[in-house]
>>> print(open('coords_26.cif').read())   # mmCIF, C-alpha atoms
data_run
loop_
_atom_site.label_atom_id
_atom_site.label_comp_id
_atom_site.auth_asym_id
_atom_site.auth_seq_id
_atom_site.Cartn_x
_atom_site.Cartn_y
_atom_site.Cartn_z
CA MET Q 1 167.12 -124.79 100.21
CA VAL Q 2 163.39 -123.95 100.11
CA LYS Q 3 161.36 -126.81 98.63
CA LYS Q 4 157.92 -125.80 99.85
CA ILE Q 5 156.30 -122.55 100.96
CA VAL Q 6 152.78 -121.34 101.71
CA THR Q 7 151.65 -118.40 99.59
CA SER Q 8 148.45 -116.68 98.47
CA PHE Q 9 146.27 -116.21 95.43
CA ALA Q 10 144.74 -112.76 95.00
CA VAL Q 11 142.75 -110.89 92.38
CA ALA Q 12 143.53 -107.19 91.93
CA LYS Q 13 140.67 -105.19 90.45
CA LYS Q 14 140.92 -101.90 88.60
CA THR Q 15 138.10 -99.79 87.21
CA ALA Q 16 138.56 -98.37 83.70
CA LYS Q 17 138.77 -94.59 83.32
CA SER Q 18 135.30 -94.61 81.78
CA GLY Q 19 134.05 -96.23 84.97
CA GLU Q 20 132.15 -98.92 83.11
CA ALA Q 21 134.51 -101.90 83.00
CA VAL Q 22 136.34 -103.57 85.86
CA TYR Q 23 139.55 -105.36 84.95
CA ARG Q 24 140.75 -108.33 86.99
CA SER Q 25 144.39 -109.29 87.39
CA PRO Q 26 144.80 -112.67 89.13
CA ARG Q 27 148.14 -113.07 90.92
CA ILE Q 28 150.05 -115.75 92.78
CA TYR Q 29 152.63 -114.24 95.11
CA LEU Q 30 156.02 -115.99 95.18
CA PRO Q 31 158.02 -114.91 98.23
CA THR Q 32 161.62 -113.79 97.66
CA LYS Q 33 162.71 -116.43 100.13
CA LEU Q 34 161.68 -118.92 97.43
CA THR Q 35 162.66 -117.03 94.26
CA ASP Q 36 166.09 -115.95 95.56
CA ASP Q 37 167.02 -119.52 96.45
CA SER Q 38 169.84 -120.88 94.25
CA VAL Q 39 167.72 -123.86 93.16
CA PHE Q 40 164.71 -121.81 92.02
CA PRO Q 41 164.31 -122.94 88.37
CA PHE Q 42 163.22 -119.67 86.71
CA LYS Q 43 164.95 -116.38 85.92
CA GLU Q 44 163.46 -112.98 85.20
CA GLY Q 45 162.31 -112.85 81.58
CA ASP Q 46 161.80 -116.61 81.19
CA LEU Q 47 158.84 -117.62 79.05
CA LEU Q 48 156.62 -119.93 81.12
CA MET Q 49 153.89 -122.43 80.27
CA VAL Q 50 151.21 -122.71 82.96
CA LYS Q 51 148.62 -125.46 82.89
CA VAL Q 52 146.00 -126.87 85.23
CA ASP Q 53 146.12 -130.62 85.85
CA GLY Q 54 143.26 -131.60 88.13
CA ARG Q 55 143.90 -129.66 91.34
CA ARG Q 56 147.53 -128.89 90.46
CA LEU Q 57 149.05 -125.90 88.73
CA ILE Q 58 152.08 -126.86 86.65
CA VAL Q 59 154.62 -124.21 85.64
CA GLN Q 60 157.36 -125.05 83.11
CA ARG Q 61 159.93 -123.00 81.24
CA VAL Q 62 159.55 -123.05 77.46
CA ARG Q 63 162.03 -121.90 74.88
CA LYS Q 64 161.36 -118.64 73.11
CA PRO Q 65 160.09 -119.24 69.56
CA GLU Q 66 162.36 -117.84 66.88
CA ARG Q 67 159.55 -116.58 64.67
CA ARG Q 68 155.78 -116.14 64.72
CA THR Q 69 155.43 -119.09 62.33
CA GLU Q 70 156.95 -121.36 64.99
CA ILE Q 71 154.31 -120.20 67.47
CA ALA Q 72 151.56 -120.97 64.95
CA ASN Q 73 153.07 -124.40 64.20
CA GLU Q 74 153.31 -125.26 67.91
CA GLN Q 75 149.68 -124.25 68.48
CA ARG Q 76 148.51 -126.37 65.51
CA GLN Q 77 150.31 -129.43 66.90
CA LYS Q 78 148.32 -129.31 70.17
#
>>> encode(input="coords_26.cif", output="structure tokens")
Amino acid sequence: MVKKIVTSFAVAKKTAKSGEAVYRSPRIYLPTKLTDDSVFPFKEGDLLMVKVDGRRLIVQRVRKPERRTEIANEQRQK
């Protein structure tokens, strides 16, 4: 069981076809040694909530809203 692993944070950059804008795509790499472990809590396609709490990054699974109105209601409650 893998409970802890060292990984990296990277920012991929891509220039638009027009050459004017540069798009950034921040990424945190999760090694397969971690994600293939039977106790890894997420599956492909899960909807995840990511929030910053001080110097911690918290990732939690959230249920998929049934309708757009539920999304709007959830955002209003926050």
>>> resolve_selection(input="coords_26.cif", expression="the PyMOL selection byres ((chain Q and resi 28-40) around 7)", output="PyMOL selection string")
chain Q and resi 1-2+7-10+27+41-42
>>> axis_aligned_box(input="coords_26.cif", around="segment 48-61 of chain Q", padding_each_side="4 Å", output="JSON")
{"center_x": 151.6, "center_y": -125.8, "center_z": 85.8, "size_x": 24.7, "size_y": 19.7, "size_z": 19.1}
>>> resolve_selection(input="coords_26.cif", expression="the PyMOL selection byres ((chain Q and resi 12) around 6)", output="ChimeraX atom specification")
/Q:11,13,24-25
>>> atom_distance(input="coords_26.cif", atom1="atom CA of Lys43 of chain Q", atom2="atom CA of Pro26 of chain Q")
20.7 Å
>>> atom_distance(input="coords_26.cif", atom1="atom CA of Glu44 of chain Q", atom2="atom CA of Glu74 of chain Q")
23.5 Å
>>> residues_around(input="coords_26.cif", residues="Val59 of chain Q", least_positions_apart="5", cutoff="7 Å", atoms="all atoms listed in the file", output="ChimeraX atom specification")
/Q:48-51
>>> resolve_selection(input="coords_26.cif", expression="the PyMOL selection byres ((chain Q and resi 47) around 6)", output="PyMOL selection string")
chain Q and resi 46+48+61-62
>>> atom_distance(input="coords_26.cif", atom1="atom CA of Arg55 of chain Q", atom2="atom CA of Tyr23 of chain Q")
25.5 Å
